[in-house]
$ cat model_16.cif   # mmCIF, C-alpha atoms and all ligand atoms
data_protein
#
loop_
_atom_site.label_atom_id
_atom_site.label_comp_id
_atom_site.auth_asym_id
_atom_site.auth_seq_id
_atom_site.Cartn_x
_atom_site.Cartn_y
_atom_site.Cartn_z
CA MET A 1 -16.11 -35.80 -25.24
CA SER A 2 -16.59 -34.72 -21.65
CA GLU A 3 -15.76 -31.13 -20.77
CA MET A 4 -12.06 -30.30 -20.34
CA LEU A 5 -10.99 -29.58 -16.76
CA ASP A 6 -9.70 -26.13 -15.84
CA ILE A 7 -6.69 -27.59 -14.03
CA LYS A 8 -5.29 -24.25 -12.90
CA SER A 9 -8.45 -23.64 -10.87
CA MET A 10 -7.96 -26.94 -9.01
CA THR A 11 -6.35 -27.33 -5.58
CA LEU A 12 -3.42 -29.67 -4.96
CA ASP A 13 -5.80 -32.14 -3.28
CA GLU A 14 -8.11 -32.11 -6.29
CA ILE A 15 -5.24 -32.67 -8.74
CA THR A 16 -3.98 -35.50 -6.52
CA GLU A 17 -7.39 -37.16 -6.60
CA LEU A 18 -7.61 -36.74 -10.37
CA ILE A 19 -4.31 -38.38 -11.18
CA VAL A 20 -4.42 -41.08 -8.50
CA SER A 21 -7.89 -42.17 -9.64
CA ASN A 22 -6.45 -42.49 -13.15
CA GLY A 23 -3.58 -44.70 -12.02
CA PHE A 24 -0.71 -42.20 -11.66
CA PRO A 25 1.44 -41.85 -8.52
CA LYS A 26 0.47 -39.28 -5.91
CA PHE A 27 3.80 -37.38 -5.83
CA ARG A 28 3.30 -36.23 -9.42
CA ALA A 29 0.45 -33.95 -8.31
CA LYS A 30 2.78 -31.58 -6.49
CA GLN A 31 5.03 -31.37 -9.53
CA ILE A 32 2.07 -30.59 -11.79
CA PHE A 33 0.69 -28.00 -9.36
CA GLY A 34 4.15 -26.37 -9.18
CA TRP A 35 4.51 -26.15 -12.95
CA ILE A 36 1.06 -24.70 -13.44
CA ASN A 37 1.72 -22.04 -10.84
CA LYS A 38 4.97 -21.07 -12.53
CA GLY A 39 2.89 -19.84 -15.42
CA ILE A 40 3.53 -22.50 -18.06
CA THR A 41 0.98 -22.55 -20.86
CA ASN A 42 1.41 -26.07 -22.23
CA PHE A 43 1.64 -29.48 -20.51
CA ASN A 44 4.55 -30.43 -22.79
CA GLN A 45 6.67 -27.83 -20.96
CA MET A 46 6.61 -30.03 -17.83
CA SER A 47 10.07 -31.50 -18.32
CA ASN A 48 10.06 -33.94 -15.37
CA ILE A 49 6.62 -35.44 -16.10
CA PRO A 50 6.47 -38.76 -18.03
CA THR A 51 4.89 -38.76 -21.49
CA GLU A 52 1.99 -40.99 -20.45
CA LEU A 53 0.89 -38.53 -17.77
CA LYS A 54 1.38 -35.57 -20.10
CA ASN A 55 -0.86 -37.34 -22.63
CA PHE A 56 -3.51 -37.89 -19.97
CA LEU A 57 -3.38 -34.22 -19.00
CA ASN A 58 -3.54 -33.10 -22.62
CA THR A 59 -6.70 -35.09 -23.24
CA SER A 60 -8.49 -34.33 -19.95
CA SER A 61 -7.52 -30.77 -19.06
CA TYR A 62 -6.50 -27.33 -20.29
CA ILE A 63 -4.26 -24.62 -18.85
CA SER A 64 -5.96 -21.27 -18.85
CA VAL A 65 -3.81 -18.37 -20.06
CA ALA A 66 -3.77 -14.61 -19.67
CA ASN A 67 -2.08 -13.25 -22.79
CA ILE A 68 -0.82 -9.70 -23.05
CA GLU A 69 -3.03 -7.93 -25.58
CA LYS A 70 -1.76 -4.44 -24.74
CA LYS A 71 0.75 -3.02 -22.28
CA LEU A 72 1.22 0.60 -21.26
CA VAL A 73 4.05 1.84 -19.02
CA SER A 74 3.69 5.18 -17.26
CA ARG A 75 6.53 7.61 -17.88
CA TYR A 76 6.01 9.15 -14.43
CA ASP A 77 6.02 6.30 -11.94
CA ASN A 78 6.59 2.92 -13.65
CA THR A 79 2.96 1.92 -13.21
CA VAL A 80 2.17 -0.73 -15.83
CA LYS A 81 -1.27 -1.35 -17.21
CA TYR A 82 -2.16 -4.54 -19.06
CA LEU A 83 -5.03 -5.62 -21.21
CA PHE A 84 -5.09 -9.42 -20.95
CA SER A 85 -7.00 -11.82 -23.20
CA PHE A 86 -8.16 -15.30 -22.16
CA ASN A 87 -8.66 -18.59 -24.01
CA ASP A 88 -12.04 -17.41 -25.40
CA GLY A 89 -10.74 -13.98 -26.45
CA GLU A 90 -12.46 -12.00 -23.66
CA CYS A 91 -10.31 -9.18 -22.25
CA VAL A 92 -9.79 -7.56 -18.84
CA GLU A 93 -7.43 -5.00 -17.36
CA ALA A 94 -4.87 -5.22 -14.57
CA VAL A 95 -2.44 -2.64 -13.17
CA VAL A 96 0.94 -3.21 -11.50
CA MET A 97 2.09 -0.48 -9.12
CA SER A 98 5.43 -0.19 -7.39
CA TYR A 99 5.61 1.03 -3.82
CA LYS A 100 8.42 1.35 -1.30
CA HIS A 101 7.46 -2.01 0.24
CA GLY A 102 7.15 -3.90 -3.07
CA TYR A 103 4.86 -4.50 -6.00
CA SER A 104 1.11 -4.48 -5.88
CA ILE A 105 -1.29 -5.67 -8.56
CA CYS A 106 -4.88 -4.64 -9.11
CA ILE A 107 -6.68 -7.47 -10.90
CA SER A 108 -10.12 -7.97 -12.46
CA THR A 109 -12.67 -10.53 -11.28
CA GLN A 110 -15.25 -10.29 -14.08
CA VAL A 111 -15.41 -9.27 -17.74
CA GLY A 112 -17.51 -6.16 -17.25
CA CYS A 113 -19.85 -5.65 -14.30
CA LYS A 114 -23.61 -5.86 -13.65
CA MET A 115 -23.67 -3.17 -10.97
CA GLY A 116 -23.89 -0.13 -13.23
CA CYS A 117 -22.31 2.59 -11.06
CA THR A 118 -22.68 5.81 -13.03
CA PHE A 119 -19.08 7.06 -12.57
CA CYS A 120 -17.41 3.78 -13.60
CA ALA A 121 -16.07 2.94 -17.06
CA THR A 122 -16.50 -0.80 -16.40
CA GLY A 123 -20.10 -0.32 -15.32
CA LYS A 124 -20.78 1.46 -18.59
CA SER A 125 -19.45 -1.42 -20.70
CA GLY A 126 -22.04 -3.94 -19.45
CA PHE A 127 -21.41 -7.51 -18.31
CA SER A 128 -20.04 -10.44 -20.26
CA ARG A 129 -19.01 -13.18 -17.79
CA SER A 130 -17.30 -13.95 -14.50
CA LEU A 131 -13.65 -14.98 -14.39
CA THR A 132 -12.46 -18.39 -13.25
CA PRO A 133 -9.93 -18.64 -10.40
CA SER A 134 -7.28 -19.59 -12.98
CA GLU A 135 -7.93 -16.42 -14.96
CA MET A 136 -7.38 -14.34 -11.82
CA LEU A 137 -4.13 -16.22 -11.10
CA GLY A 138 -3.10 -15.83 -14.74
CA GLN A 139 -3.16 -12.03 -14.53
CA ILE A 140 -0.65 -12.14 -11.67
CA GLU A 141 1.63 -14.78 -13.17
CA THR A 142 1.79 -13.20 -16.61
CA ALA A 143 2.59 -9.79 -15.11
CA GLN A 144 5.25 -11.26 -12.80
CA ASN A 145 6.93 -13.15 -15.62
CA ASP A 146 6.72 -10.22 -18.03
CA LEU A 147 8.25 -7.74 -15.57
CA ASP A 148 10.54 -10.28 -13.88
CA ILE A 149 9.34 -9.26 -10.42
CA ARG A 150 7.66 -10.84 -7.44
CA ILE A 151 4.32 -9.30 -6.55
CA SER A 152 3.62 -9.02 -2.83
CA ASN A 153 0.17 -7.41 -2.66
CA ILE A 154 -3.09 -8.05 -4.49
CA VAL A 155 -6.11 -5.79 -4.68
CA LEU A 156 -9.35 -7.06 -6.24
CA MET A 157 -10.27 -3.63 -7.54
CA GLY A 158 -10.12 -4.06 -11.27
CA MET A 159 -13.08 -4.75 -13.50
CA GLY A 160 -16.07 -6.48 -11.94
CA GLU A 161 -17.71 -6.98 -8.56
CA PRO A 162 -15.79 -9.70 -6.65
CA LEU A 163 -18.70 -10.62 -4.38
CA ASP A 164 -20.89 -11.19 -7.45
CA ASN A 165 -18.41 -13.97 -8.34
CA PHE A 166 -18.11 -15.22 -4.77
CA ASP A 167 -17.15 -18.90 -5.12
CA ASN A 168 -14.51 -18.31 -7.79
CA VAL A 169 -13.01 -15.38 -5.89
CA VAL A 170 -12.79 -17.35 -2.64
CA ARG A 171 -11.22 -20.29 -4.47
CA PHE A 172 -8.74 -17.89 -6.09
CA ILE A 173 -7.80 -16.40 -2.70
CA ARG A 174 -7.18 -19.87 -1.28
CA LEU A 175 -5.08 -20.91 -4.30
CA VAL A 176 -2.98 -17.75 -4.48
CA SER A 177 -2.17 -17.90 -0.78
CA SER A 178 -1.34 -21.61 -0.66
CA ASP A 179 2.25 -22.63 0.17
CA ASP A 180 2.71 -24.52 -3.06
CA GLY A 181 1.13 -21.77 -5.12
CA LEU A 182 2.17 -18.11 -5.39
CA ASN A 183 2.14 -18.01 -1.59
CA ILE A 184 0.85 -14.45 -1.22
CA GLY A 185 -0.53 -14.20 2.31
CA MET A 186 -4.16 -13.34 3.09
CA ARG A 187 -2.97 -10.19 4.88
CA HIS A 188 -1.62 -8.95 1.57
CA ILE A 189 -4.96 -9.29 -0.21
CA THR A 190 -7.67 -6.62 -0.34
CA LEU A 191 -11.15 -7.20 -1.74
CA SER A 192 -13.20 -4.20 -2.81
CA THR A 193 -16.99 -4.37 -3.04
CA CYS A 194 -19.79 -1.98 -3.91
CA GLY A 195 -21.69 -3.50 -0.98
CA LEU A 196 -23.44 -6.85 -1.54
CA VAL A 197 -24.53 -7.07 2.10
CA PRO A 198 -25.37 -10.80 2.49
CA LYS A 199 -22.08 -11.71 0.81
CA ILE A 200 -20.11 -9.54 3.27
CA TYR A 201 -21.51 -11.67 6.12
CA GLU A 202 -20.66 -14.84 4.19
CA LEU A 203 -17.11 -13.59 3.63
CA ALA A 204 -16.67 -12.72 7.30
CA ASP A 205 -17.73 -16.23 8.29
CA LEU A 206 -14.91 -17.72 6.20
CA HIS A 207 -12.29 -15.93 8.39
CA LEU A 208 -9.88 -15.56 5.51
CA GLY A 209 -7.97 -12.66 7.08
CA ILE A 210 -8.13 -10.48 3.98
CA THR A 211 -8.86 -6.74 4.10
CA LEU A 212 -12.33 -5.61 3.10
CA SER A 213 -12.67 -2.37 1.23
CA VAL A 214 -16.17 -0.97 0.74
CA SER A 215 -17.07 1.52 -1.97
CA LEU A 216 -19.26 3.95 -0.07
CA HIS A 217 -19.01 7.13 -2.16
CA ALA A 218 -21.83 8.92 -0.30
CA PRO A 219 -22.86 9.82 3.25
CA ASN A 220 -26.53 8.85 2.83
CA ASP A 221 -28.92 6.72 0.76
CA GLN A 222 -30.27 9.63 -1.23
CA ILE A 223 -26.89 10.56 -2.74
CA ARG A 224 -25.68 6.96 -2.94
CA ARG A 225 -28.72 5.94 -4.98
CA LYS A 226 -27.93 8.60 -7.55
CA THR A 227 -24.62 7.00 -8.51
CA MET A 228 -24.84 3.38 -7.27
CA PRO A 229 -27.87 1.24 -8.22
CA ILE A 230 -26.92 -1.32 -5.53
CA ALA A 231 -27.85 1.30 -2.92
CA ARG A 232 -31.49 0.80 -3.88
CA LYS A 233 -31.21 -2.81 -2.77
CA TYR A 234 -29.30 -2.35 0.50
CA SER A 235 -29.45 0.76 2.65
CA ILE A 236 -26.30 2.45 3.89
CA GLU A 237 -27.17 1.46 7.46
CA GLU A 238 -27.49 -2.22 6.50
CA LEU A 239 -24.15 -1.95 4.72
CA LEU A 240 -22.39 -0.31 7.67
CA GLN A 241 -23.84 -2.91 10.02
CA ALA A 242 -22.31 -5.62 7.83
CA CYS A 243 -18.97 -3.78 8.01
CA ARG A 244 -19.13 -3.58 11.81
CA ASP A 245 -19.86 -7.29 11.84
CA TYR A 246 -16.89 -7.93 9.52
CA PHE A 247 -14.60 -6.18 11.99
CA LYS A 248 -16.12 -7.98 14.96
CA THR A 249 -15.81 -11.40 13.32
CA THR A 250 -12.39 -11.01 11.69
CA GLY A 251 -10.61 -8.28 13.66
CA ARG A 252 -9.70 -6.64 10.35
CA ARG A 253 -10.24 -2.91 9.99
CA VAL A 254 -12.53 -2.01 7.09
CA THR A 255 -11.49 0.57 4.50
CA PHE A 256 -14.06 2.84 2.85
CA GLU A 257 -13.55 4.16 -0.65
CA TYR A 258 -15.02 7.57 -1.31
CA SER A 259 -14.76 8.92 -4.87
CA MET A 260 -15.11 12.68 -4.59
CA ILE A 261 -17.27 14.15 -7.32
CA SER A 262 -17.53 17.92 -7.50
CA GLY A 263 -20.95 19.17 -6.48
CA VAL A 264 -22.35 15.65 -5.97
CA ASN A 265 -20.90 14.32 -2.69
CA ASP A 266 -18.09 16.68 -1.64
CA SER A 267 -19.64 19.48 0.45
CA ASP A 268 -18.76 20.16 4.10
CA ALA A 269 -22.26 19.01 5.01
CA ASN A 270 -21.58 15.71 3.20
CA ALA A 271 -18.31 15.30 5.14
CA LYS A 272 -20.05 16.01 8.45
CA GLU A 273 -22.77 13.49 7.73
CA LEU A 274 -20.16 10.90 6.75
CA ALA A 275 -18.18 11.55 9.95
CA GLN A 276 -21.37 11.13 11.97
CA ARG A 277 -22.18 7.82 10.30
CA LEU A 278 -18.71 6.36 10.71
CA ASP A 279 -18.29 7.67 14.27
CA GLY A 280 -16.96 4.90 16.54
CA MET A 281 -16.12 2.52 13.72
CA ASN A 282 -12.64 1.11 13.40
CA CYS A 283 -12.05 2.13 9.81
CA HIS A 284 -10.01 4.12 7.34
CA VAL A 285 -11.33 6.34 4.55
CA ASN A 286 -9.64 6.47 1.14
CA LEU A 287 -10.60 9.61 -0.73
CA ILE A 288 -10.31 9.28 -4.52
CA PRO A 289 -10.77 12.35 -6.69
CA VAL A 290 -13.08 10.82 -9.31
CA ASN A 291 -11.43 9.90 -12.59
CA THR A 292 -13.27 11.53 -15.42
CA VAL A 293 -14.94 8.95 -17.63
CA GLU A 294 -16.23 10.10 -20.98
CA GLY A 295 -19.95 10.68 -21.02
CA THR A 296 -20.46 11.00 -17.25
CA GLY A 297 -20.02 14.74 -16.90
CA TYR A 298 -18.46 14.21 -13.46
CA ILE A 299 -15.59 16.44 -12.39
CA LYS A 300 -13.09 15.62 -9.64
CA SER A 301 -13.16 17.62 -6.42
CA ASN A 302 -10.36 20.14 -5.95
CA ILE A 303 -7.57 19.94 -3.35
CA LYS A 304 -9.40 22.36 -1.05
CA ARG A 305 -12.46 20.10 -0.89
CA GLN A 306 -10.23 17.06 -0.31
CA GLN A 307 -8.45 18.75 2.62
CA SER A 308 -11.76 19.90 4.07
CA PHE A 309 -12.99 16.27 4.08
CA ILE A 310 -9.82 15.09 5.81
CA ASP A 311 -10.16 17.79 8.50
CA ILE A 312 -13.84 17.16 9.19
CA LEU A 313 -13.33 13.40 9.46
CA ALA A 314 -10.30 13.95 11.72
CA GLU A 315 -12.53 15.79 14.23
CA LYS A 316 -14.22 12.41 14.83
CA ASN A 317 -10.84 10.64 14.90
CA ILE A 318 -11.47 9.03 11.53
CA THR A 319 -8.31 8.80 9.46
CA ALA A 320 -8.66 9.69 5.81
CA THR A 321 -6.06 9.89 3.08
CA VAL A 322 -6.22 10.89 -0.54
CA ARG A 323 -5.22 7.97 -2.70
CA ARG A 324 -2.02 8.58 -4.61
CA THR A 325 -2.76 8.93 -8.29
CA LEU A 326 -0.58 6.48 -10.18
CA GLY A 327 -0.21 6.15 -13.91
CA SER A 328 -2.23 9.24 -14.69
CA ASP A 329 -0.83 9.28 -18.23
CA ILE A 330 -1.98 5.71 -19.00
CA ASN A 331 -5.58 5.86 -17.80
CA ALA A 332 -4.79 3.58 -14.87
CA SER A 333 -8.40 3.67 -13.67
CA CYS A 334 -9.85 0.32 -14.61
CA GLY A 335 -12.21 -0.08 -17.51
CA GLN A 336 -10.83 2.79 -19.54
CA LEU A 337 -8.24 0.89 -21.59
CA LYS A 338 -10.76 -1.81 -22.43
CA ARG A 339 -13.29 0.77 -23.60
CA LYS A 340 -10.64 2.21 -25.87
CA HIS A 341 -9.80 -1.29 -27.16
CA GLN A 342 -13.51 -1.94 -27.86
CA SER A 343 -13.94 1.34 -29.66
CA GLU A 344 -11.05 0.27 -31.91
CA GLY A 345 -12.85 -2.96 -32.81
CA GLY A 346 -11.54 -5.32 -30.10
CA LYS A 347 -13.68 -7.64 -27.94
N1 LIG B 401 -16.68 -3.57 -7.96
C1 LIG B 401 -15.83 -3.30 -6.86
C2 LIG B 401 -14.36 -3.33 -7.21
C3 LIG B 401 -13.96 -2.75 -8.52
S1 LIG B 401 -14.14 -1.01 -8.67
C4 LIG B 401 -16.21 -1.99 -6.22
O1 LIG B 401 -17.01 -1.26 -6.77
O2 LIG B 401 -15.70 -1.72 -5.13
C5 LIG B 401 -12.74 -0.43 -7.72
C6 LIG B 401 -12.90 0.96 -7.13
O3 LIG B 401 -12.79 1.96 -8.15
C7 LIG B 401 -14.22 1.18 -6.45
O4 LIG B 401 -14.03 1.83 -5.22
C8 LIG B 401 -14.93 2.06 -7.44
O5 LIG B 401 -15.97 2.77 -6.87
C9 LIG B 401 -13.81 2.92 -7.95
N2 LIG B 401 -14.07 3.63 -9.20
C10 LIG B 401 -14.73 3.19 -10.29
N3 LIG B 401 -14.75 4.15 -11.24
C11 LIG B 401 -14.09 5.20 -10.75
C12 LIG B 401 -13.79 6.50 -11.25
N4 LIG B 401 -14.18 6.90 -12.46
N5 LIG B 401 -13.08 7.33 -10.45
C13 LIG B 401 -12.67 6.94 -9.23
N6 LIG B 401 -12.93 5.74 -8.70
C14 LIG B 401 -13.63 4.87 -9.44
FE1 LIG B 402 -18.95 -2.56 -10.92
FE2 LIG B 402 -17.31 -1.57 -9.04
FE3 LIG B 402 -17.61 -0.32 -11.41
FE4 LIG B 402 -19.61 -0.30 -9.65
S1 LIG B 402 -17.58 0.64 -9.38
S2 LIG B 402 -19.82 -0.70 -11.86
S3 LIG B 402 -19.42 -2.30 -8.75
S4 LIG B 402 -16.73 -2.32 -11.08
#
$ encode --input "model_16.cif" --output "structure tokens"
Amino acid sequence: MSEMLDIKSMTLDEITELIVSNGFPKFRAKQIFGWINKGITNFNQMSNIPTELKNFLNTSSYISVANIEKKLVSRYDNTVKYLFSFNDGECVEAVVMSYKHGYSICISTQVGCKMGCTFCATGKSGFSRSLTPSEMLGQIETAQNDLDIRISNIVLMGMGEPLDNFDNVVRFIRLVSSDDGLNIGMRHITLSTCGLVPKIYELADLHLGITLSVSLHAPNDQIRRKTMPIARKYSIEELLQACRDYFKTTGRRVTFEYSMISGVNDSDANAKELAQRLDGMNCHVNLIPVNTVEGTGYIKSNIKRQQSFIDILAEKNITATVRRTLGSDINASCGQLKRKHQSEGGK
């Protein structure tokens, strides 16, 4: 038998071509696409589709699912963390956060990650495989249906490096923003990368209109190389040049993530060097007191250090904010729940 089609990763045009070339009428494609994007898990649930077409779909295709394996709700701020499992049993994490302007979801793009950043729980778990577009959509749909909410913002900041799964991530972004799909606009999508320089240029050229967030975490190559292996491949100057280009090509301001680790990257001298490097760039800096991951020995910077960074960056007119800590009681930092699940015998 030929391989089953991952129908939820297909565009409306592709589904149209599939069914028309198999003798079914064109208008059925929109109905099928609509059902799949509502989060159904079985073709037999498509009540307005004739049996013959359902049979064809059942024998040619499958609907990928994101099942809830675990769910934790924060007592403090209603942040919800999920561990989802896919058709093959692999698991990833996602977090739903509620803000004044609506709900935001942080989703995963890979099972594990190859990049090996030393402070990251996901990096420590190794790499298993990349996610399909349908598995990224599934995380959002399952969460929306479970919580009975409509999610308005997506951040690709969960497990995995999105630009290391470029084609699937781009396809996902196009599907999730399409009118007939979940219809979440490009402006409400943020992609976070550890800095795969050639892929940043490729992304800029697609003019998607999404926000790029770059995990910088250091003011120079020497410190960056201590915590981020990718920094040995691309220098900080090459990375910042790609970010300038992203702004020039897309008009979208780049955000820099800076995890503050006590005694590693949080001195006044580090802040001054960072301010110097980012001088003149249209950007925003997100300071994140590092989440302690077992076995790293890293400690988060104190409030005084955080304020000092904000003040030094402000002198160069660079805005910096400390990211609100959500779900601190449920280990909302990605990779931690999965590690716990694995240590209890899960996949
Ligand atoms: N791979 C991408 C996106 C996923 S990681 C990237 O690295 O950008 C999402 C963000 O969480 C990144 O900014 C990452 O550096 C940060 N992060 C990972 N582990 C962390 C920890 N223990 N404490 C604080 N931030 C962390
Ligand atoms: Fe991968 Fe991002 Fe974690 Fe680095 S911080 S190991 S790139 S998920």
$ atom_distance --input "model_16.cif" --atom1 "CA of Gly39 (chain A)" --atom2 "CA of Leu191 (chain A)"
23.3 Å
$ closest_residue --input "model_16.cif" --among "A:Ser259, A:Thr250, A:Ser308, A:Ser267" --to "ligand LIG 402 (chain B)" --atoms "all atoms listed in the file"
A:Ser259
$ closest_atom_pairs --input "model_16.cif" --of "chain A" --to "ligand LIG 402 (chain B)" --cutoff "7 Å" --atoms "only C-alpha atoms and all ligand atoms" --output "CSV"
residue,atom,partner,partner_atom,distance
A:Cys113,CA,B:LIG402,FE1,4.7
A:Lys114,CA,B:LIG402,FE1,6.3
A:Met115,CA,B:LIG402,S2,4.7
A:Gly116,CA,B:LIG402,S2,4.3
A:Cys117,CA,B:LIG402,FE4,4.2
A:Cys120,CA,B:LIG402,FE3,4.7
A:Ala121,CA,B:LIG402,FE3,6.7
A:Thr122,CA,B:LIG402,FE3,5.1
A:Gly123,CA,B:LIG402,S2,3.5
A:Gly158,CA,B:LIG402,S4,6.8
A:Met159,CA,B:LIG402,S4,5.0
A:Gly160,CA,B:LIG402,S4,4.3
A:Glu161,CA,B:LIG402,S3,5.0
A:Thr193,CA,B:LIG402,S3,6.5
A:Cys194,CA,B:LIG402,S3,4.9
A:Met228,CA,B:LIG402,FE4,6.8
$ residues_around --input "model_16.cif" --residues "Ser215 (chain A)" --least-positions-apart "6" --cutoff "8 Å" --atoms "all atoms listed in the file" --output "number ranges by chain"
A: 192-195, 256-258
$ atom_distance --input "model_16.cif" --atom1 "CA of Gly185 (chain A)" --atom2 "CA of Phe86 (chain A)"
25.7 Å
$ atom_distance --input "model_16.cif" --atom1 "CA of Ser128 (chain A)" --atom2 "atom O4 of ligand LIG 401 (chain B)"
20.3 Å
$ residues_around --input "model_16.cif" --residues "Val111 (chain A)" --least-positions-apart "4" --cutoff "8 Å" --atoms "all atoms listed in the file" --output "number ranges by chain"
A: 90-92, 127-131, 159-160
